[in-house]
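Accompanying notes for the structure given below.
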Amino acid sequence: MTDFRKRMKASSSDKSLVILANDLDENRVDKLESRTMTNIKNLNKYLCAIKLNFHVILPLGKKSLEKINQAAHDVGLQTIADIKLNDIGNTNKIAVERLWECGFDAVIVNPIMGPENLKELVKSVHKDGHGIITLVHMSHHEAKLGYGLRVKDSTGRTLMLHKLFLKWSYSLHVDGVVVGATVPELITSCRKKIRGNCEIYSPGVGTQGGDPKKTLDAGANYLIIGRTILNSNNPIYQARKFQKLTLES
């Protein structure tokens, strides 16, 4: 088990399986940083990790990202850069090195880069204890149009794209896979395939229609929740509610 998986288990054990998707819609960079810091301060006791999407990472410079990551680590949270990385090997390697310099613990990538590029990226990420999570199936309502496409693998066998992504992911020893909470039946089938060799991260709870209990019962290890908490009149109450649910499951 990689260092990142161990750290995730330590930060979630007897505490919470909730990852905050800190996907703030804020135009001012200073507000973006301050609101993120406030979320870490107010919500950390109900979380195990915090995820920052591309549109949050891009406006923030290295100094702000270092500050945010340090604040999260100070309260025991892991940090995930959700950039869905997908490029040639050299670009992938340099991109994750920049993320590590900013203090991130893990990165979410897109397996469509191909198995050889993914293999090299896994090796690069794991050499210093960081984590890599692959995108197997998204949670939004049109996701099936892409991830449900039928493709051929290297043996000529026809299968759905998400199944090919899953196969590459667990065979190349990634730390986790993203499977939307809106497709619980797929979470169950993925759980059977990976056999505990990596964890399932499920976004889409609440706003996009995913049911947290059904998602956990289907086999998800972590819930990624954003707008349902962030846009609530009482974010602390919402985060506490989801925390309690994960501890009872």
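We name chains A, B, ... following the order of the structure tokens; residues begin at 1 in each chain, and ligands are numbered from 1 as shown.
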
All helix (DSSP H, G or I) residues (DSSP, backbone) inside region 84-220 of chain A, as a PyMOL selection string: chain A and resi 89-101+111-113+115-126+143-147+161-171+184-194+212-218

Spatial neighbours of region 179-195 of chain A, 9 Å, only C-alpha atoms, chain gap at least 5 places, as a VMD selection string: chain A and resid 135 to 141 163 166 to 167 170 to 171 200 to 205 208 to 212 214 to 220 223 to 224

Could you give me, as a PDB file with C-alpha atoms, in the first residue's frame, the residues within 12 Å of region 113-125 of chain A, counting only C-alpha atoms and dropping anything in the same chain fewer than 2 positions from it?
ATOM      1  CA  THR A   2       1.388   3.400  -0.971  1.00  0.00           C
ATOM      2  CA  ASP A   3       2.063   6.184   1.509  1.00  0.00           C
ATOM      3  CA  PHE A   4      -0.871   8.219   0.202  1.00  0.00           C
ATOM      4  CA  LYS A  84      -7.740  15.441 -14.700  1.00  0.00           C
ATOM      5  CA  LEU A  85      -4.229  15.424 -16.115  1.00  0.00           C
ATOM      6  CA  ASN A  86      -3.911  13.938 -19.604  1.00  0.00           C
ATOM      7  CA  ASP A  87      -0.868  14.629 -21.752  1.00  0.00           C
ATOM      8  CA  ILE A  88       2.418  13.191 -22.969  1.00  0.00           C
ATOM      9  CA  GLY A  89       4.751  11.657 -20.414  1.00  0.00           C
ATOM     10  CA  ASN A  90       7.156  14.567 -19.996  1.00  0.00           C
ATOM     11  CA  THR A  91       4.352  17.107 -19.569  1.00  0.00           C
ATOM     12  CA  ASN A  92       2.614  14.857 -17.032  1.00  0.00           C
ATOM     13  CA  LYS A  93       5.817  14.430 -15.029  1.00  0.00           C
ATOM     14  CA  ILE A  94       6.555  18.164 -14.884  1.00  0.00           C
ATOM     15  CA  ALA A  95       2.935  19.016 -14.041  1.00  0.00           C
ATOM     16  CA  VAL A  96       2.823  16.738 -10.996  1.00  0.00           C
ATOM     17  CA  GLU A  97       6.228  17.944  -9.821  1.00  0.00           C
ATOM     18  CA  ARG A  98       4.823  21.495  -9.777  1.00  0.00           C
ATOM     19  CA  LEU A  99       1.822  20.279  -7.776  1.00  0.00           C
ATOM     20  CA  TRP A 100       4.083  18.571  -5.222  1.00  0.00           C
ATOM     21  CA  PHE A 104      -0.501  18.611  -2.774  1.00  0.00           C
ATOM     22  CA  ASP A 105      -0.674  14.959  -1.709  1.00  0.00           C
ATOM     23  CA  ALA A 106      -2.364  13.496  -4.774  1.00  0.00           C
ATOM     24  CA  VAL A 107      -3.572  14.241  -8.291  1.00  0.00           C
ATOM     25  CA  ILE A 108      -6.583  13.126 -10.313  1.00  0.00           C
ATOM     26  CA  VAL A 109      -5.690  12.120 -13.871  1.00  0.00           C
ATOM     27  CA  ASN A 110      -7.473  10.948 -17.024  1.00  0.00           C
ATOM     28  CA  PRO A 111      -6.527   7.413 -18.190  1.00  0.00           C
ATOM     29  CA  LYS A 127       8.515   7.363  -5.874  1.00  0.00           C
ATOM     30  CA  ASP A 128       8.085  10.014  -3.186  1.00  0.00           C
ATOM     31  CA  GLY A 129       4.871   8.911  -1.488  1.00  0.00           C
ATOM     32  CA  HIS A 130       2.302  10.896  -3.452  1.00  0.00           C
ATOM     33  CA  GLY A 131      -1.004   9.563  -4.747  1.00  0.00           C
ATOM     34  CA  ILE A 132      -2.641   9.127  -8.146  1.00  0.00           C
ATOM     35  CA  ILE A 133      -6.383   8.757  -8.699  1.00  0.00           C
ATOM     36  CA  THR A 134      -7.833   7.970 -12.130  1.00  0.00           C
ATOM     37  CA  LEU A 135     -11.098   9.149 -13.621  1.00  0.00           C
ATOM     38  CA  ASP A 153      -8.602  -3.003 -26.137  1.00  0.00           C
ATOM     39  CA  SER A 154      -5.138  -4.148 -27.222  1.00  0.00           C
ATOM     40  CA  LEU A 161     -14.607   2.842 -22.231  1.00  0.00           C
ATOM     41  CA  LEU A 164     -11.068  -0.207 -20.122  1.00  0.00           C
ATOM     42  CA  PHE A 165     -10.107   2.742 -17.909  1.00  0.00           C
ATOM     43  CA  LEU A 166     -10.780   0.645 -14.813  1.00  0.00           C
ATOM     44  CA  LYS A 167      -8.697  -2.241 -16.149  1.00  0.00           C
ATOM     45  CA  TRP A 168      -5.725   0.007 -16.860  1.00  0.00           C
ATOM     46  CA  SER A 169      -6.105   1.688 -13.478  1.00  0.00           C
ATOM     47  CA  TYR A 170      -6.067  -1.281 -11.135  1.00  0.00           C
ATOM     48  CA  SER A 171      -3.563  -3.259 -13.193  1.00  0.00           C
ATOM     49  CA  LEU A 172      -1.135  -0.324 -13.046  1.00  0.00           C
ATOM     50  CA  HIS A 173      -1.602   0.089  -9.268  1.00  0.00           C
ATOM     51  CA  VAL A 174      -3.199   3.506  -8.965  1.00  0.00           C
ATOM     52  CA  ASP A 175      -4.301   4.589  -5.489  1.00  0.00           C
ATOM     53  CA  GLY A 176      -7.922   5.250  -6.341  1.00  0.00           C
TER      54      GLY A 176
END

With 8 Å as the cut-off and only C-alpha atoms counted, what is the closest atom pair between each nearby residue of region 80-156 of chain A and region 64-73 of chain A? Distances in Å to one decimal, ordered by chain and number, as a tab-separated table.
residue	atom	partner	partner_atom	distance
A:Glu101	CA	A:Glu66	CA	7.9
A:Cys102	CA	A:Glu66	CA	4.8
A:Gly103	CA	A:Asn69	CA	5.5
A:Phe104	CA	A:Asn69	CA	6.3

Would you export the selected residues with C-alpha atoms as a compact mmCIF listing (two decimals), in the first residue's frame, please?
# COMPACT_ATOMS: atom_id res chain seq x y z
CA GLU A 101 6.06 21.80 -4.86
CA CYS A 102 2.79 23.49 -3.90
CA GLY A 103 2.18 20.84 -1.23
CA PHE A 104 -0.50 18.61 -2.77

Of the listed residues A:Met37, A:Lys213, A:Phe54, A:Ala10, that which approaches Ser249 (chain A) most closely, counting only C-alpha atoms: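 Residue with the minimum atom-to-atom distance to Ser249 (chain A): A:Lys213.
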
Counting only C-alpha atoms, the residue of A:Leu58, A:Val151, A:Asn53, A:Asn42 that sits nearest Pro235 (chain A):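 Ranking A:Leu58, A:Val151, A:Asn53, A:Asn42 by distance to Pro235 (chain A), first place goes to A:Asn42.
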
Distance query Ala239 (chain A) at most 9 Å, only C-alpha atoms, self and fewer than 5 positions along chain excluded, as a VMD selection string: chain A and resid 18 20 43 46 to 47 225 228 to 229 234 244

Of the listed residues A:Asn231, A:Tyr222, A:Arg157, A:His162, that which approaches Ser11 (chain A) most closely, counting only C-alpha atoms: A:Tyr222

Backbone-only DSSP, strand (DSSP E or B) members of region 95-164 of chain A, as a list of chain:residue names: A:Ala106, A:Val107, A:Ile108, A:Val109, A:Gly131, A:Ile132, A:Ile133, A:Thr134, A:Leu135, A:Val136, A:His137, A:Arg150, A:Val151, A:Lys152, A:Thr158, A:Leu159, A:Met160

Gap from CA of Phe242 (chain A) to CA of Tyr147 (chain A) - Å, one decimal: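 Distance reported for this atom pair: 28.0 Å.
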
Best match for closeness to Val56 (chain A) among A:Thr246, A:Gln238, A:Thr36, A:Ser13, counting only C-alpha atoms: A:Thr36
